[in-house]
>>> print(open('data-v2.json').read())   # JSON, N, CA, C and O atoms
[["chain", "number", "residue", "atom", "x", "y", "z"],
["U", 49, "MET", "N", 28.21, 8.75, -22.58],
["U", 49, "MET", "CA", 26.95, 9.12, -23.17],
["U", 49, "MET", "C", 26.91, 8.65, -24.62],
["U", 49, "MET", "O", 25.91, 8.11, -25.06],
["U", 50, "PHE", "N", 28.00, 8.85, -25.35],
["U", 50, "PHE", "CA", 28.00, 8.42, -26.75],
["U", 50, "PHE", "C", 28.15, 6.92, -26.88],
["U", 50, "PHE", "O", 27.77, 6.35, -27.89],
["U", 51, "ALA", "N", 28.71, 6.28, -25.89],
["U", 51, "ALA", "CA", 28.96, 4.84, -25.98],
["U", 51, "ALA", "C", 27.72, 4.00, -25.71],
["U", 51, "ALA", "O", 27.69, 2.83, -26.07],
["U", 52, "ILE", "N", 26.69, 4.56, -25.11],
["U", 52, "ILE", "CA", 25.51, 3.77, -24.74],
["U", 52, "ILE", "C", 24.87, 3.09, -25.96],
["U", 52, "ILE", "O", 24.62, 1.89, -25.92],
["U", 53, "PRO", "N", 24.59, 3.80, -27.07],
["U", 53, "PRO", "CA", 23.99, 3.10, -28.21],
["U", 53, "PRO", "C", 24.94, 2.14, -28.91],
["U", 53, "PRO", "O", 24.52, 1.28, -29.66],
["U", 54, "ILE", "N", 26.25, 2.28, -28.65],
["U", 54, "ILE", "CA", 27.22, 1.45, -29.34],
["U", 54, "ILE", "C", 27.59, 0.21, -28.53],
["U", 54, "ILE", "O", 27.60, -0.90, -29.04],
["U", 55, "VAL", "N", 27.92, 0.39, -27.24],
["U", 55, "VAL", "CA", 28.38, -0.73, -26.41],
["U", 55, "VAL", "C", 27.58, -0.84, -25.11],
["U", 55, "VAL", "O", 28.04, -1.49, -24.17],
["U", 56, "GLY", "N", 26.42, -0.24, -25.04],
["U", 56, "GLY", "CA", 25.61, -0.30, -23.82],
["U", 56, "GLY", "C", 24.97, -1.66, -23.64],
["U", 56, "GLY", "O", 25.30, -2.64, -24.31],
["U", 57, "ALA", "N", 24.04, -1.73, -22.72],
["U", 57, "ALA", "CA", 23.33, -2.98, -22.46],
["U", 57, "ALA", "C", 22.64, -3.47, -23.73],
["U", 57, "ALA", "O", 22.22, -2.68, -24.58],
["U", 58, "ALA", "N", 22.53, -4.78, -23.85],
["U", 58, "ALA", "CA", 21.98, -5.38, -25.06],
["U", 58, "ALA", "C", 20.57, -4.89, -25.35],
["U", 58, "ALA", "O", 20.20, -4.68, -26.51],
["U", 59, "ALA", "N", 19.78, -4.67, -24.32],
["U", 59, "ALA", "CA", 18.40, -4.20, -24.52],
["U", 59, "ALA", "C", 18.38, -2.81, -25.15],
["U", 59, "ALA", "O", 17.52, -2.51, -25.97],
["U", 60, "ILE", "N", 19.32, -1.99, -24.77],
["U", 60, "ILE", "CA", 19.39, -0.63, -25.33],
["U", 60, "ILE", "C", 19.98, -0.66, -26.73],
["U", 60, "ILE", "O", 19.48, -0.01, -27.64],
["U", 61, "ARG", "N", 21.04, -1.44, -26.91],
["U", 61, "ARG", "CA", 21.70, -1.51, -28.23],
["U", 61, "ARG", "C", 20.77, -2.06, -29.29],
["U", 61, "ARG", "O", 20.76, -1.59, -30.42],
["U", 62, "SER", "N", 19.97, -3.05, -28.95],
["U", 62, "SER", "CA", 19.10, -3.67, -29.96],
["U", 62, "SER", "C", 18.03, -2.70, -30.44],
["U", 62, "SER", "O", 17.58, -2.79, -31.58],
["U", 63, "GLY", "N", 17.63, -1.75, -29.60],
["U", 63, "GLY", "CA", 16.61, -0.78, -29.99],
["U", 63, "GLY", "C", 17.17, 0.45, -30.68],
["U", 63, "GLY", "O", 16.41, 1.26, -31.20],
["U", 64, "ALA", "N", 18.49, 0.60, -30.69],
["U", 64, "ALA", "CA", 19.11, 1.79, -31.30],
["U", 64, "ALA", "C", 19.12, 1.64, -32.82],
["U", 64, "ALA", "O", 19.58, 0.64, -33.36],
["U", 65, "ARG", "N", 18.62, 2.66, -33.48],
["U", 65, "ARG", "CA", 18.60, 2.64, -34.94],
["U", 65, "ARG", "C", 19.99, 2.93, -35.48],
["U", 65, "ARG", "O", 20.83, 3.53, -34.79],
["U", 66, "PRO", "N", 20.25, 2.54, -36.73],
["U", 66, "PRO", "CA", 21.59, 2.75, -37.31],
["U", 66, "PRO", "C", 22.01, 4.22, -37.34],
["U", 66, "PRO", "O", 23.18, 4.53, -37.09],
["U", 67, "TRP", "N", 21.08, 5.14, -37.60],
["U", 67, "TRP", "CA", 21.45, 6.55, -37.64],
["U", 67, "TRP", "C", 21.86, 7.05, -36.26],
["U", 67, "TRP", "O", 22.74, 7.91, -36.12],
["U", 68, "LEU", "N", 21.26, 6.48, -35.19],
["U", 68, "LEU", "CA", 21.63, 6.86, -33.84],
["U", 68, "LEU", "C", 23.03, 6.34, -33.50],
["U", 68, "LEU", "O", 23.83, 7.04, -32.89],
["U", 69, "ARG", "N", 23.33, 5.13, -33.93],
["U", 69, "ARG", "CA", 24.67, 4.58, -33.71],
["U", 69, "ARG", "C", 25.72, 5.38, -34.46],
["U", 69, "ARG", "O", 26.80, 5.65, -33.94],
["U", 70, "LEU", "N", 25.40, 5.79, -35.67],
["U", 70, "LEU", "CA", 26.33, 6.61, -36.46],
["U", 70, "LEU", "C", 26.55, 7.96, -35.79],
["U", 70, "LEU", "O", 27.69, 8.43, -35.65],
["U", 71, "ALA", "N", 25.48, 8.59, -35.34],
["U", 71, "ALA", "CA", 25.60, 9.88, -34.65],
["U", 71, "ALA", "C", 26.39, 9.73, -33.35],
["U", 71, "ALA", "O", 27.23, 10.58, -33.02],
["U", 72, "ALA", "N", 26.17, 8.64, -32.61],
["U", 72, "ALA", "CA", 26.92, 8.41, -31.38],
["U", 72, "ALA", "C", 28.40, 8.19, -31.68],
["U", 72, "ALA", "O", 29.27, 8.69, -30.96],
["U", 73, "GLY", "N", 28.68, 7.47, -32.75],
["U", 73, "GLY", "CA", 30.08, 7.27, -33.15],
["U", 73, "GLY", "C", 30.76, 8.57, -33.54],
["U", 73, "GLY", "O", 31.92, 8.81, -33.17],
["U", 74, "CYS", "N", 30.04, 9.42, -34.26],
["U", 74, "CYS", "CA", 30.60, 10.73, -34.63],
["U", 74, "CYS", "C", 30.83, 11.59, -33.40],
["U", 74, "CYS", "O", 31.87, 12.24, -33.28],
["U", 75, "GLY", "N", 29.90, 11.60, -32.48],
["U", 75, "GLY", "CA", 30.05, 12.37, -31.25],
["U", 75, "GLY", "C", 31.21, 11.87, -30.42],
["U", 75, "GLY", "O", 31.98, 12.66, -29.86],
["U", 76, "LEU", "N", 31.38, 10.57, -30.33],
["U", 76, "LEU", "CA", 32.50, 10.00, -29.59],
["U", 76, "LEU", "C", 33.83, 10.38, -30.24],
["U", 76, "LEU", "O", 34.78, 10.77, -29.55],
["U", 77, "THR", "N", 33.89, 10.32, -31.56],
["U", 77, "THR", "CA", 35.12, 10.69, -32.28],
["U", 77, "THR", "C", 35.48, 12.14, -32.05],
["U", 77, "THR", "O", 36.63, 12.48, -31.76],
["U", 78, "VAL", "N", 34.51, 13.02, -32.16],
["U", 78, "VAL", "CA", 34.76, 14.45, -31.95],
["U", 78, "VAL", "C", 35.19, 14.71, -30.51],
["U", 78, "VAL", "O", 36.11, 15.51, -30.27],
["U", 79, "SER", "N", 34.58, 14.05, -29.56],
["U", 79, "SER", "CA", 34.96, 14.22, -28.16],
["U", 79, "SER", "C", 36.40, 13.77, -27.91],
["U", 79, "SER", "O", 37.17, 14.44, -27.22],
["U", 80, "LEU", "N", 36.77, 12.62, -28.47],
["U", 80, "LEU", "CA", 38.14, 12.14, -28.31],
["U", 80, "LEU", "C", 39.15, 13.06, -28.97],
["U", 80, "LEU", "O", 40.23, 13.31, -28.43],
["U", 81, "LEU", "N", 38.80, 13.59, -30.14],
["U", 81, "LEU", "CA", 39.70, 14.55, -30.80],
["U", 81, "LEU", "C", 39.84, 15.83, -29.99],
["U", 81, "LEU", "O", 40.94, 16.39, -29.88],
["U", 82, "ALA", "N", 38.76, 16.29, -29.40],
["U", 82, "ALA", "CA", 38.82, 17.50, -28.58],
["U", 82, "ALA", "C", 39.71, 17.27, -27.36],
["U", 82, "ALA", "O", 40.52, 18.15, -27.00],
["U", 83, "ILE", "N", 39.59, 16.11, -26.74],
["U", 83, "ILE", "CA", 40.46, 15.79, -25.61],
["U", 83, "ILE", "C", 41.92, 15.74, -26.05],
["U", 83, "ILE", "O", 42.81, 16.28, -25.38],
["U", 84, "PHE", "N", 42.18, 15.12, -27.18],
["U", 84, "PHE", "CA", 43.54, 15.02, -27.69],
["U", 84, "PHE", "C", 44.14, 16.40, -27.91],
["U", 84, "PHE", "O", 45.26, 16.69, -27.49],
["U", 85, "PHE", "N", 43.40, 17.28, -28.59],
["U", 85, "PHE", "CA", 43.93, 18.61, -28.89],
["U", 85, "PHE", "C", 43.98, 19.52, -27.66],
["U", 85, "PHE", "O", 44.69, 20.51, -27.65],
["U", 86, "THR", "N", 43.24, 19.18, -26.62],
["U", 86, "THR", "CA", 43.34, 19.92, -25.37],
["U", 86, "THR", "C", 44.62, 19.54, -24.63],
["U", 86, "THR", "O", 45.32, 20.38, -24.09],
["U", 87, "ILE", "N", 44.93, 18.26, -24.65],
["U", 87, "ILE", "CA", 46.12, 17.78, -23.95],
["U", 87, "ILE", "C", 47.38, 18.14, -24.72],
["U", 87, "ILE", "O", 48.37, 18.57, -24.13],
["U", 88, "TYR", "N", 47.37, 17.96, -26.02],
["U", 88, "TYR", "CA", 48.52, 18.25, -26.86],
["U", 88, "TYR", "C", 48.21, 19.48, -27.71],
["U", 88, "TYR", "O", 47.55, 19.36, -28.74],
["U", 89, "PRO", "N", 48.67, 20.65, -27.30],
["U", 89, "PRO", "CA", 48.33, 21.86, -28.04],
["U", 89, "PRO", "C", 48.92, 21.82, -29.46],
["U", 89, "PRO", "O", 50.00, 21.28, -29.68],
["U", 90, "ILE", "N", 48.19, 22.42, -30.40],
["U", 90, "ILE", "CA", 48.63, 22.41, -31.79],
["U", 90, "ILE", "C", 49.58, 23.55, -32.09],
["U", 90, "ILE", "O", 50.08, 23.66, -33.20],
["U", 91, "ILE", "N", 49.83, 24.39, -31.10],
["U", 91, "ILE", "CA", 50.79, 25.48, -31.26],
["U", 91, "ILE", "C", 51.86, 25.35, -30.17],
["U", 91, "ILE", "O", 51.67, 24.63, -29.19],
["U", 92, "ASP", "N", 52.97, 26.01, -30.35],
["U", 92, "ASP", "CA", 54.01, 26.01, -29.33],
["U", 92, "ASP", "C", 53.56, 26.89, -28.17],
["U", 92, "ASP", "O", 53.12, 28.02, -28.37],
["U", 93, "VAL", "N", 53.69, 26.36, -26.97],
["U", 93, "VAL", "CA", 53.35, 27.13, -25.79],
["U", 93, "VAL", "C", 54.65, 27.46, -25.05],
["U", 93, "VAL", "O", 55.55, 26.63, -24.97],
["U", 94, "PRO", "N", 54.74, 28.69, -24.53],
["U", 94, "PRO", "CA", 55.99, 29.09, -23.87],
["U", 94, "PRO", "C", 56.29, 28.26, -22.62],
["U", 94, "PRO", "O", 57.44, 27.94, -22.36],
["U", 95, "ASN", "N", 55.26, 27.90, -21.87],
["U", 95, "ASN", "CA", 55.48, 27.15, -20.64],
["U", 95, "ASN", "C", 54.43, 26.04, -20.54],
["U", 95, "ASN", "O", 53.28, 26.29, -20.18],
["U", 96, "PRO", "N", 54.81, 24.81, -20.85],
["U", 96, "PRO", "CA", 53.85, 23.71, -20.82],
["U", 96, "PRO", "C", 53.21, 23.50, -19.44],
["U", 96, "PRO", "O", 52.05, 23.10, -19.35],
["U", 97, "LEU", "N", 53.94, 23.78, -18.37],
["U", 97, "LEU", "CA", 53.39, 23.61, -17.03],
["U", 97, "LEU", "C", 52.24, 24.59, -16.76],
["U", 97, "LEU", "O", 51.20, 24.21, -16.22],
["U", 98, "VAL", "N", 52.41, 25.83, -17.18],
["U", 98, "VAL", "CA", 51.34, 26.83, -17.02],
["U", 98, "VAL", "C", 50.14, 26.45, -17.87],
["U", 98, "VAL", "O", 48.99, 26.56, -17.44],
["U", 99, "PHE", "N", 50.39, 25.97, -19.08],
["U", 99, "PHE", "CA", 49.31, 25.54, -19.97],
["U", 99, "PHE", "C", 48.52, 24.42, -19.31],
["U", 99, "PHE", "O", 47.29, 24.45, -19.26],
["U", 100, "ALA", "N", 49.22, 23.41, -18.77],
["U", 100, "ALA", "CA", 48.56, 22.28, -18.12],
["U", 100, "ALA", "C", 47.78, 22.75, -16.89],
["U", 100, "ALA", "O", 46.67, 22.28, -16.64],
["U", 101, "ALA", "N", 48.36, 23.67, -16.13],
["U", 101, "ALA", "CA", 47.67, 24.18, -14.95],
["U", 101, "ALA", "C", 46.38, 24.89, -15.32],
["U", 101, "ALA", "O", 45.36, 24.75, -14.63],
["U", 102, "LYS", "N", 46.39, 25.65, -16.41],
["U", 102, "LYS", "CA", 45.18, 26.34, -16.86],
["U", 102, "LYS", "C", 44.11, 25.33, -17.27],
["U", 102, "LYS", "O", 42.92, 25.50, -16.95],
["U", 103, "ILE", "N", 44.50, 24.29, -17.98],
["U", 103, "ILE", "CA", 43.55, 23.26, -18.42],
["U", 103, "ILE", "C", 42.93, 22.58, -17.20],
["U", 103, "ILE", "O", 41.71, 22.39, -17.11],
["U", 104, "VAL", "N", 43.77, 22.22, -16.23],
["U", 104, "VAL", "CA", 43.27, 21.57, -15.02],
["U", 104, "VAL", "C", 42.34, 22.50, -14.25],
["U", 104, "VAL", "O", 41.27, 22.10, -13.78],
["U", 105, "ALA", "N", 42.70, 23.77, -14.13],
["U", 105, "ALA", "CA", 41.88, 24.74, -13.39],
["U", 105, "ALA", "C", 40.51, 24.92, -14.05],
["U", 105, "ALA", "O", 39.49, 24.94, -13.36],
["U", 106, "VAL", "N", 40.49, 25.05, -15.35],
["U", 106, "VAL", "CA", 39.21, 25.23, -16.06],
["U", 106, "VAL", "C", 38.35, 23.97, -15.92],
["U", 106, "VAL", "O", 37.14, 24.06, -15.69],
["U", 107, "THR", "N", 38.97, 22.81, -16.01],
["U", 107, "THR", "CA", 38.23, 21.55, -15.86],
["U", 107, "THR", "C", 37.64, 21.44, -14.46],
["U", 107, "THR", "O", 36.46, 21.08, -14.30],
["U", 108, "LEU", "N", 38.44, 21.73, -13.45],
["U", 108, "LEU", "CA", 37.94, 21.68, -12.07],
["U", 108, "LEU", "C", 36.82, 22.69, -11.84],
["U", 108, "LEU", "O", 35.82, 22.39, -11.19],
["U", 109, "ALA", "N", 36.98, 23.91, -12.37],
["U", 109, "ALA", "CA", 35.96, 24.94, -12.20],
["U", 109, "ALA", "C", 34.65, 24.52, -12.88],
["U", 109, "ALA", "O", 33.56, 24.67, -12.30],
["U", 110, "ALA", "N", 34.74, 23.98, -14.08],
["U", 110, "ALA", "CA", 33.54, 23.54, -14.79],
["U", 110, "ALA", "C", 32.83, 22.42, -14.04],
["U", 110, "ALA", "O", 31.60, 22.41, -13.92],
["U", 111, "ASN", "N", 33.60, 21.47, -13.52],
["U", 111, "ASN", "CA", 33.00, 20.39, -12.75],
["U", 111, "ASN", "C", 32.40, 20.89, -11.44],
["U", 111, "ASN", "O", 31.34, 20.42, -11.02],
["U", 112, "LEU", "N", 33.04, 21.84, -10.80],
["U", 112, "LEU", "CA", 32.50, 22.42, -9.57],
["U", 112, "LEU", "C", 31.18, 23.14, -9.84],
["U", 112, "LEU", "O", 30.23, 23.01, -9.07],
["U", 113, "ILE", "N", 31.12, 23.86, -10.94],
["U", 113, "ILE", "CA", 29.86, 24.53, -11.31],
["U", 113, "ILE", "C", 28.76, 23.49, -11.56],
["U", 113, "ILE", "O", 27.63, 23.65, -11.11],
["U", 114, "GLY", "N", 29.11, 22.41, -12.26],
["U", 114, "GLY", "CA", 28.13, 21.36, -12.52],
["U", 114, "GLY", "C", 27.63, 20.70, -11.25],
["U", 114, "GLY", "O", 26.44, 20.46, -11.09],
["U", 115, "VAL", "N", 28.53, 20.40, -10.33],
["U", 115, "VAL", "CA", 28.14, 19.80, -9.06],
["U", 115, "VAL", "C", 27.26, 20.76, -8.26],
["U", 115, "VAL", "O", 26.27, 20.34, -7.64],
["U", 116, "THR", "N", 27.60, 22.04, -8.28],
["U", 116, "THR", "CA", 26.80, 23.03, -7.57],
["U", 116, "THR", "C", 25.39, 23.11, -8.13],
["U", 116, "THR", "O", 24.41, 23.11, -7.37],
["U", 117, "ILE", "N", 25.26, 23.16, -9.43],
["U", 117, "ILE", "CA", 23.94, 23.21, -10.06],
["U", 117, "ILE", "C", 23.15, 21.95, -9.72],
["U", 117, "ILE", "O", 21.97, 22.01, -9.36],
["U", 118, "PHE", "N", 23.79, 20.79, -9.79],
["U", 118, "PHE", "CA", 23.12, 19.54, -9.47],
["U", 118, "PHE", "C", 22.65, 19.53, -8.02],
["U", 118, "PHE", "O", 21.52, 19.15, -7.72],
["U", 119, "THR", "N", 23.53, 19.93, -7.11],
["U", 119, "THR", "CA", 23.20, 19.92, -5.68],
["U", 119, "THR", "C", 22.05, 20.87, -5.37],
["U", 119, "THR", "O", 21.12, 20.51, -4.63],
["U", 120, "LEU", "N", 22.09, 22.07, -5.93],
["U", 120, "LEU", "CA", 21.01, 23.03, -5.69],
["U", 120, "LEU", "C", 19.68, 22.51, -6.22],
["U", 120, "LEU", "O", 18.64, 22.63, -5.56],
["U", 121, "ASN", "N", 19.70, 21.92, -7.39],
["U", 121, "ASN", "CA", 18.47, 21.38, -7.98],
["U", 121, "ASN", "C", 17.97, 20.18, -7.17],
["U", 121, "ASN", "O", 16.77, 20.03, -6.96],
["U", 122, "TYR", "N", 18.88, 19.35, -6.71],
["U", 122, "TYR", "CA", 18.50, 18.18, -5.91],
["U", 122, "TYR", "C", 17.85, 18.61, -4.61],
["U", 122, "TYR", "O", 16.83, 18.04, -4.21],
["U", 123, "LYS", "N", 18.42, 19.60, -3.96],
["U", 123, "LYS", "CA", 17.85, 20.11, -2.71],
["U", 123, "LYS", "C", 16.48, 20.74, -2.94],
["U", 123, "LYS", "O", 15.56, 20.57, -2.15],
["U", 124, "ARG", "N", 16.36, 21.47, -4.06],
["U", 124, "ARG", "CA", 15.09, 22.12, -4.36],
["U", 124, "ARG", "C", 14.01, 21.08, -4.63],
["U", 124, "ARG", "O", 12.87, 21.23, -4.19],
["U", 125, "ARG", "N", 14.33, 20.01, -5.32],
["U", 125, "ARG", "CA", 13.35, 18.97, -5.58],
["U", 125, "ARG", "C", 12.95, 18.25, -4.31],
["U", 125, "ARG", "O", 11.80, 17.84, -4.14],
["U", 126, "GLY", "N", 13.91, 18.08, -3.40],
["U", 126, "GLY", "CA", 13.60, 17.42, -2.14],
["U", 126, "GLY", "C", 12.69, 18.25, -1.26],
["U", 126, "GLY", "O", 11.87, 17.73, -0.53],
["U", 127, "ALA", "N", 12.81, 19.58, -1.34],
["U", 127, "ALA", "CA", 11.99, 20.47, -0.52],
["U", 127, "ALA", "C", 10.58, 20.60, -1.06],
["U", 127, "ALA", "O", 9.65, 20.89, -0.32],
["U", 128, "ALA", "N", 10.39, 20.37, -2.36],
["U", 128, "ALA", "CA", 9.07, 20.55, -2.98],
["U", 128, "ALA", "C", 8.16, 19.38, -2.77],
["U", 128, "ALA", "O", 8.37, 18.37, -2.36]]
>>> encode(input="data-v2.json", output="structure tokens")
Amino acid sequence: MFAIPIVGAAAIRSGARPWLRLAAGCGLTVSLLAIFFTIYPIIDVPNPLVFAAKIVAVTLAANLIGVTIFTLNYKRRGAA
């Protein structure tokens, strides 16, 4: 999502204003930092395997919720 104004199709990139590219770059940087600090905790954890399992479980649950919302909305639009 953040990469579209920066490295997307030429037609989209040419229409992106500099402030949009800057905002997209900042969003991409923050997202990458969040991923880094999620994978490598900044504190000592007693059991790295349990920590990793929790991260994976939360990620899977969030994606499952997103897919469920998408599917329900898609079905509702098809019925209308």
>>> closest_residue(input="data-v2.json", among="U:Phe118, U:Trp67, U:Phe99, U:Phe50", to="Thr86 in chain U", atoms="all atoms listed in the file")
U:Phe99
>>> atom_distance(input="data-v2.json", atom1="CA of Leu68 in chain U", atom2="CA of Ile52 in chain U")
10.4 Å
>>> closest_residue(input="data-v2.json", among="U:Ile91, U:Leu97, U:Ala110, U:Ala72", to="Met49 in chain U", atoms="only C-alpha atoms")
U:Ala72
